Amino acid sequence: MKSAFITLIGRPSSGKSTLVNKICGYKVSIVSATPQTTRNVIRGILTEERGQLIFQDTPGYHISEKKINNELKQVTETVVNDAEIILYVTDCTREPGEEEKKILEYLAALNAVVIVALNKIDLITVAEKNIPEFLESLGNFLKKNLRKKEPAKDISICHVSAMTGEGVDKLLDVMFEKAPEGEKLYPDDVYTDQDVAFRISEIIREKAVNRTKEEIPHSVYVEIADIEMNQGQHGEELWVRAFLIAESESQKKIIIGSGGEKIRAIKKAAKREIKSIFPYPVIIDLRVKVNSNWRKKRGILSRLIR
């Protein structure tokens, strides 16, 4: 039986979270068209006859001087530095760019098996233009590695579409082939190790980000103030009080919307998805408050990003 941790890395919006969700068959990571939606290391677990793969989805690898972006980058590097198998996900419809070059240089210094997933091949008319350039960059990376004294890095390249699932089975074959022998670390029916409060907070944040992406996508976080299981009229139900935290009063007004329309839509969408995940009713009391310039406060960042 095979067992392995697979650590993902890639630029923001490369499709890492979508790929993890597709592989695991469940919603593990929240997804948005907004770059850097993932702020934590999220684990998704796939168990089948061949064994168990534990995927560690990381924040997008972004070069920036902003405090929150540096915190996200540090979280990613901490996990990737200890990885035995790295799944490098790249959007082959985009120009490789400086961040891609930095990731390749970073991976060259690590002692790990590297699997490259060229993602979004369903958009092949655009992808065809960029794949050769990316493969040239990857080839230069390989040549650099081959000049080292240690053995050449073990690299496989797979073409996939996280959205449609094309090529995912072949990618899984490669990952199981590279995985070492080992015992399962999680029960067969577990597909993520996130706790209930975190999952609920992430779903609420996803719905808020997707409804404010033109105005304040990175300026909100979710704080679970209270959570408790109660005995309801029809059995156990989970009661949650959550706050969407904005950076200013003007942002708070945007999240609430005219007559409370937007916050009601966020709550409704979150409740609908939460209902599909948990086997018991979840009652959500959702409010909005302000914490000025929270993205510059180390105490909050260290609590949110891990």
# chains A, B, ... in the order shown; residues from 1 in each chain; ligands from 1
$ residues_around --residues "Ile200 in chain A" --least-positions-apart "3" --cutoff "10 Å" --atoms "only C-alpha atoms" --output "list in words"
Gln194, Asp195, Val196, Ala197, Ile203, Ile204, Arg205, Glu206, Val222, Ile224, Val240, Ala242, Ala270, Lys271, Glu273, Ile274, Ile277, Val282 and Ile284 of chain A
$ closest_residue --among "A:Ile157, A:Arg211, A:Lys296, A:Glu249" --to "Ile263 in chain A" --atoms "only C-alpha atoms"
A:Arg211
$ select_by_dssp --residues "range 61-124 of chain A" --states "strand (DSSP E or B)" --output "ChimeraX atom specification"
/A:85-91,113-119
$ atom_distance --atom1 "CA of Ser13 in chain A" --atom2 "CA of Asp122 in chain A"
15.6 Å
$ residues_around --residues "range 42-51 of chain A" --least-positions-apart "4" --cutoff "7 Å" --atoms "only C-alpha atoms" --output "PDB file with C-alpha atoms, in the first residue's frame"
ATOM      1  CA  MET A   1       0.000   0.000   0.000  1.00  0.00           C
ATOM      2  CA  LYS A   2       1.196   3.519  -0.853  1.00  0.00           C
ATOM      3  CA  SER A   3       1.001   6.532   1.456  1.00  0.00           C
ATOM      4  CA  VAL A  20      -7.428  19.280  -4.915  1.00  0.00           C
ATOM      5  CA  CYS A  24     -10.632  14.328  -3.551  1.00  0.00           C
ATOM      6  CA  VAL A  28     -11.925  20.753   0.437  1.00  0.00           C
ATOM      7  CA  SER A  29     -10.583  24.212  -0.456  1.00  0.00           C
ATOM      8  CA  PHE A  55      -2.712  16.796  -0.403  1.00  0.00           C
ATOM      9  CA  GLN A  56      -1.452  19.998   1.200  1.00  0.00           C
ATOM     10  CA  ASP A  57      -2.879  22.980  -0.680  1.00  0.00           C
ATOM     11  CA  THR A  58      -0.819  26.120  -0.029  1.00  0.00           C
ATOM     12  CA  LYS A 184      -2.919   4.971   5.957  1.00  0.00           C
ATOM     13  CA  ASP A 188     -11.166   5.688   4.675  1.00  0.00           C
ATOM     14  CA  VAL A 190     -12.198  11.174   5.865  1.00  0.00           C
ATOM     15  CA  TYR A 191     -11.455  13.612   3.016  1.00  0.00           C
ATOM     16  CA  THR A 192     -10.143  16.585   5.058  1.00  0.00           C
ATOM     17  CA  ASP A 193      -8.854  17.170   8.577  1.00  0.00           C
TER      18      ASP A 193
END
$ select_by_dssp --residues "range 13-128 of chain A" --states "helix (DSSP H, G or I)" --output "MDAnalysis selection string"
chainID A and resid 16:24 67:81 97:108 121:128
$ residues_around --residues "range 74-83 of chain A" --least-positions-apart "4" --cutoff "7 Å" --atoms "only C-alpha atoms" --output "PyMOL selection string"
chain A and resi 7+58-59+70+110+112+306
$ residues_around --residues "Lys289 in chain A" --least-positions-apart "3" --cutoff "9 Å" --atoms "only C-alpha atoms" --output "list in words"
Phe243, Leu244, Ile245, Ala246, Glu247, Ser248, Glu249 and Lys252 of chain A
$ closest_residue --among "A:Pro279, A:Gly235, A:Gly10, A:Gly299" --to "Lys102 in chain A" --atoms "only C-alpha atoms"
A:Gly10
$ residues_around --residues "Arg298 in chain A" --least-positions-apart "6" --cutoff "10 Å" --atoms "only C-alpha atoms" --output "PyMOL selection string"
chain A and resi 67-68+71+304
$ closest_residue --among "A:Lys262, A:Lys66, A:Lys253, A:Arg241" --to "Asn210 in chain A" --atoms "only C-alpha atoms"
A:Lys262
$ atom_distance --atom1 "CA of Val31 in chain A" --atom2 "CA of Ser64 in chain A"
21.7 Å
$ residues_around --residues "Met175 in chain A" --least-positions-apart "4" --cutoff "10 Å" --atoms "only C-alpha atoms" --output "list in words"
Lys2, Ala4, Ile6, Leu53, Ile85, Ile86, Leu87, Val113, Val114, Ile115, Ser156, Asp169, Lys170, Leu171, Ala179 and Pro180 of chain A
$ closest_residue --among "A:Lys22, A:Lys213, A:His234, A:Arg199" --to "Ile255 in chain A" --atoms "only C-alpha atoms"
A:Lys213
